[in-house]
Amino acid sequence: MHKVAIVGRPNVGKSSLFNRLIGRREAVVADFPGVTRDVKEHVMLYENHRIVLMDTGGLWSGDEWEQHIRDKAEMAIHDAKCVVFVLDPRDGLNTADYEVAEWLRKIGKPVIVVANKMDSVKHDDVFTAELWALGFDEPVPISAEHARGLDELMRRVLEHL
Ligand code: GDP
Ligand code: MG
């Protein structure tokens, strides 16, 4: 079964996306960082594909960016086919976003950049423009909360399975 990992700094909406895609409220969604302690795994079905989705939230706890945390995260995504890298571009990117990006580049897995919280179409161009600077492929604008852009995201995921 194919594994897909959801990564990103705290509070960008990883757990919201995870819950939306699996269609249940497995992972805790909260307004403050560091709520998801462990890697959450759940099987989702999409167009006859069974995909194990991983929410790696707890691997980034607040400002900590220590070696053992990175090691844990690396193990979690070791056998993932691709990584969904979630960002919240509404306030611009921050250091933590760039750290995750650098780390992903070193790991070398295919990365799908996702601009979350794009709750309406008018957001898309302004906010996704900056994400090109991360050096990955075309960003996918989505809204986990409003279930926007998820088919496009899954289309991109399927390219890597
Ligand atoms: P995580 O730390 O990356 O797992 O982020 P969470 O899923 O816990 O979400 C953090 C906050 O962002 C919560 O208050 C969510 O309700 C909010 N959020 C998540 N997705 C969206 C979205 O698509 N639009 C908006 N406006 N808020 C969102
Ligand atoms: Mg979370």
# chains A, B, ... in the order shown; residues from 1 in each chain; ligands from 1
$ residues_around --residues "segment 122-127 of chain A" --least-positions-apart "3" --cutoff "12 Å" --atoms "only C-alpha atoms" --output "PDB file with C-alpha atoms, in the first residue's frame"
ATOM      1  CA  LEU A  87       2.104  25.966   4.073  1.00  0.00           C
ATOM      2  CA  ASP A  88      -0.072  28.873   5.158  1.00  0.00           C
ATOM      3  CA  PRO A  89       1.080  31.657   2.844  1.00  0.00           C
ATOM      4  CA  ARG A  90      -1.354  34.300   4.049  1.00  0.00           C
ATOM      5  CA  ASP A  91       1.239  35.917   6.319  1.00  0.00           C
ATOM      6  CA  GLY A  92       4.226  35.078   4.181  1.00  0.00           C
ATOM      7  CA  LEU A  93       6.678  32.268   4.723  1.00  0.00           C
ATOM      8  CA  VAL A 114       0.318  23.007  -0.860  1.00  0.00           C
ATOM      9  CA  ALA A 115      -0.933  26.520  -0.078  1.00  0.00           C
ATOM     10  CA  ASN A 116      -3.561  25.899   2.595  1.00  0.00           C
ATOM     11  CA  LYS A 117      -6.189  28.313   3.921  1.00  0.00           C
ATOM     12  CA  MET A 118      -6.891  29.602   0.406  1.00  0.00           C
ATOM     13  CA  ASP A 119     -10.538  29.782   1.358  1.00  0.00           C
ATOM     14  CA  GLU A 130       5.727  33.251  -3.101  1.00  0.00           C
ATOM     15  CA  LEU A 131       5.696  29.488  -2.807  1.00  0.00           C
ATOM     16  CA  TRP A 132       7.491  29.063  -6.135  1.00  0.00           C
ATOM     17  CA  ALA A 133      10.563  30.450  -4.360  1.00  0.00           C
ATOM     18  CA  GLU A 138       3.753  24.316  -8.969  1.00  0.00           C
ATOM     19  CA  PRO A 139       1.973  24.943  -5.640  1.00  0.00           C
ATOM     20  CA  VAL A 140      -1.567  23.633  -5.218  1.00  0.00           C
ATOM     21  CA  PRO A 141      -3.968  26.109  -3.573  1.00  0.00           C
ATOM     22  CA  ILE A 142      -6.359  24.362  -1.210  1.00  0.00           C
ATOM     23  CA  SER A 143      -8.600  25.002   1.746  1.00  0.00           C
ATOM     24  CA  ARG A 148     -11.276  23.327  -1.854  1.00  0.00           C
ATOM     25  CA  GLY A 149      -8.633  22.051  -4.273  1.00  0.00           C
TER      26      GLY A 149
END
$ closest_atom_pairs --of "segment 69-142 of chain A" --to "segment 7-27 of chain A" --cutoff "7 Å" --atoms "only C-alpha atoms" --output "CSV"
residue,atom,partner,partner_atom,distance
A:Val83,CA,A:Val7,CA,6.9
A:Val84,CA,A:Val7,CA,6.1
A:Phe85,CA,A:Val7,CA,5.1
A:Val86,CA,A:Gly8,CA,5.1
A:Leu87,CA,A:Val12,CA,5.5
A:Asp88,CA,A:Val12,CA,5.1
A:Ala96,CA,A:Arg9,CA,6.1
A:Asp97,CA,A:Arg9,CA,6.1
A:Val100,CA,A:Gly8,CA,6.5
A:Asn116,CA,A:Gly13,CA,6.9
$ select_by_dssp --residues "chain A" --states "alpha helix (DSSP H)" --output "ChimeraX atom specification"
/A:14-22,67-76,95-107,124-129,150-158
$ write_last_selection --atoms "C-alpha atoms" --output "compact mmCIF listing (two decimals), in the first residue's frame"
# COMPACT_ATOMS: atom_id res chain seq x y z
CA LYS A 14 -1.83 19.51 8.41
CA SER A 15 -4.28 17.76 10.73
CA SER A 16 -7.23 19.58 9.15
CA LEU A 17 -6.12 18.31 5.74
CA PHE A 18 -5.52 14.82 7.09
CA ASN A 19 -9.01 14.68 8.61
CA ARG A 20 -10.60 16.10 5.47
CA LEU A 21 -8.93 13.51 3.24
CA ILE A 22 -9.74 10.51 5.41
CA GLN A 67 18.45 16.35 15.36
CA HIS A 68 16.38 13.67 17.09
CA ILE A 69 13.16 15.30 15.93
CA ARG A 70 14.43 15.33 12.37
CA ASP A 71 15.46 11.69 12.67
CA LYS A 72 12.00 10.71 13.84
CA ALA A 73 10.40 12.60 10.99
CA GLU A 74 12.77 11.07 8.50
CA MET A 75 11.88 7.59 9.68
CA ALA A 76 8.21 8.37 9.37
CA THR A 95 12.04 30.51 8.97
CA ALA A 96 10.38 27.28 10.00
CA ASP A 97 8.88 26.89 6.51
CA TYR A 98 12.30 27.34 4.92
CA GLU A 99 13.85 24.86 7.37
CA VAL A 100 11.28 22.22 6.46
CA ALA A 101 11.92 22.96 2.76
CA GLU A 102 15.69 22.53 3.15
CA TRP A 103 15.23 19.33 5.09
CA LEU A 104 12.88 17.92 2.44
CA ARG A 105 15.33 18.80 -0.31
CA LYS A 106 18.01 16.74 1.44
CA ILE A 107 15.71 13.75 1.85
CA ASP A 124 -4.82 31.98 -5.14
CA ASP A 125 -2.48 34.04 -7.31
CA VAL A 126 -1.21 36.41 -4.67
CA PHE A 127 -0.42 33.81 -2.13
CA THR A 128 0.87 30.96 -4.22
CA ALA A 129 3.37 33.19 -6.07
CA LEU A 150 -8.52 18.53 -2.88
CA ASP A 151 -9.13 16.78 -6.20
CA GLU A 152 -6.28 18.72 -7.77
CA LEU A 153 -4.07 17.81 -4.82
CA MET A 154 -4.98 14.13 -5.15
CA ARG A 155 -4.35 14.25 -8.89
CA ARG A 156 -0.82 15.42 -8.13
CA VAL A 157 -0.39 12.75 -5.45
CA LEU A 158 -1.47 9.98 -7.83
$ select_by_dssp --residues "segment 39-138 of chain A" --states "strand (DSSP E or B)" --output "NGL selection string"
:A and (40-46 or 49-55 or 80-87 or 111-115)
$ write_last_selection --atoms "N, CA and C atoms" --output "mmCIF file, in the first residue's frame"
data_model
loop_
_atom_site.group_PDB
_atom_site.id
_atom_site.type_symbol
_atom_site.label_atom_id
_atom_site.label_comp_id
_atom_site.auth_asym_id
_atom_site.auth_seq_id
_atom_site.Cartn_x
_atom_site.Cartn_y
_atom_site.Cartn_z
ATOM 1 N N LYS A 40 0.230 10.120 12.952
ATOM 2 C CA LYS A 40 -1.073 9.472 12.782
ATOM 3 C C LYS A 40 -1.124 8.852 11.406
ATOM 4 N N GLU A 41 -1.563 7.598 11.338
ATOM 5 C CA GLU A 41 -1.712 6.943 10.044
ATOM 6 C C GLU A 41 -3.152 6.514 9.849
ATOM 7 N N HIS A 42 -3.653 6.690 8.642
ATOM 8 C CA HIS A 42 -4.998 6.234 8.357
ATOM 9 C C HIS A 42 -5.114 5.904 6.876
ATOM 10 N N VAL A 43 -5.870 4.866 6.570
ATOM 11 C CA VAL A 43 -6.044 4.490 5.166
ATOM 12 C C VAL A 43 -7.135 5.346 4.549
ATOM 13 N N MET A 44 -6.857 5.893 3.375
ATOM 14 C CA MET A 44 -7.901 6.574 2.624
ATOM 15 C C MET A 44 -8.046 5.896 1.269
ATOM 16 N N LEU A 45 -9.249 5.969 0.721
ATOM 17 C CA LEU A 45 -9.506 5.415 -0.596
ATOM 18 C C LEU A 45 -9.716 6.557 -1.560
ATOM 19 N N TYR A 46 -9.034 6.510 -2.693
ATOM 20 C CA TYR A 46 -9.240 7.545 -3.699
ATOM 21 C C TYR A 46 -9.105 6.920 -5.072
ATOM 22 N N HIS A 49 -7.468 3.668 -5.347
ATOM 23 C CA HIS A 49 -6.171 3.569 -4.691
ATOM 24 C C HIS A 49 -6.382 3.546 -3.186
ATOM 25 N N ARG A 50 -5.684 2.626 -2.543
ATOM 26 C CA ARG A 50 -5.656 2.642 -1.084
ATOM 27 C C ARG A 50 -4.361 3.320 -0.667
ATOM 28 N N ILE A 51 -4.482 4.409 0.043
ATOM 29 C CA ILE A 51 -3.317 5.206 0.400
ATOM 30 C C ILE A 51 -3.246 5.321 1.913
ATOM 31 N N VAL A 52 -2.070 5.042 2.457
ATOM 32 C CA VAL A 52 -1.876 5.286 3.886
ATOM 33 C C VAL A 52 -1.398 6.725 4.055
ATOM 34 N N LEU A 53 -2.248 7.511 4.678
ATOM 35 C CA LEU A 53 -1.948 8.918 4.874
ATOM 36 C C LEU A 53 -1.298 9.096 6.244
ATOM 37 N N MET A 54 -0.238 9.894 6.310
ATOM 38 C CA MET A 54 0.452 10.118 7.583
ATOM 39 C C MET A 54 0.430 11.593 7.943
ATOM 40 N N ASP A 55 -0.024 11.887 9.151
ATOM 41 C CA ASP A 55 0.031 13.248 9.687
ATOM 42 C C ASP A 55 1.224 13.296 10.637
ATOM 43 N N ALA A 80 7.474 6.678 2.372
ATOM 44 C CA ALA A 80 6.410 7.427 1.685
ATOM 45 C C ALA A 80 6.775 7.598 0.215
ATOM 46 N N LYS A 81 5.767 7.518 -0.647
ATOM 47 C CA LYS A 81 5.996 7.719 -2.080
ATOM 48 C C LYS A 81 6.210 9.189 -2.390
ATOM 49 N N CYS A 82 5.515 10.015 -1.634
ATOM 50 C CA CYS A 82 5.687 11.453 -1.825
ATOM 51 C C CYS A 82 5.287 12.174 -0.549
ATOM 52 N N VAL A 83 5.647 13.441 -0.502
ATOM 53 C CA VAL A 83 5.398 14.256 0.675
ATOM 54 C C VAL A 83 4.509 15.431 0.289
ATOM 55 N N VAL A 84 3.465 15.627 1.067
ATOM 56 C CA VAL A 84 2.615 16.805 0.886
ATOM 57 C C VAL A 84 3.095 17.854 1.887
ATOM 58 N N PHE A 85 3.686 18.914 1.359
ATOM 59 C CA PHE A 85 4.306 19.960 2.179
ATOM 60 C C PHE A 85 3.310 21.118 2.306
ATOM 61 N N VAL A 86 2.717 21.246 3.503
ATOM 62 C CA VAL A 86 1.646 22.217 3.706
ATOM 63 C C VAL A 86 2.196 23.535 4.229
ATOM 64 N N LEU A 87 1.735 24.621 3.627
ATOM 65 C CA LEU A 87 2.104 25.966 4.073
ATOM 66 C C LEU A 87 0.863 26.825 4.215
ATOM 67 N N VAL A 111 8.081 16.142 -3.685
ATOM 68 C CA VAL A 111 7.368 17.059 -2.795
ATOM 69 C C VAL A 111 6.245 17.761 -3.550
ATOM 70 N N ILE A 112 5.051 17.772 -2.966
ATOM 71 C CA ILE A 112 3.943 18.550 -3.505
ATOM 72 C C ILE A 112 3.687 19.706 -2.543
ATOM 73 N N VAL A 113 3.916 20.915 -3.036
ATOM 74 C CA VAL A 113 3.733 22.101 -2.196
ATOM 75 C C VAL A 113 2.264 22.508 -2.198
ATOM 76 N N VAL A 114 1.728 22.690 -1.005
ATOM 77 C CA VAL A 114 0.318 23.007 -0.860
ATOM 78 C C VAL A 114 0.164 24.343 -0.129
ATOM 79 N N ALA A 115 -0.593 25.264 -0.738
ATOM 80 C CA ALA A 115 -0.933 26.520 -0.078
ATOM 81 C C ALA A 115 -2.285 26.333 0.578
#
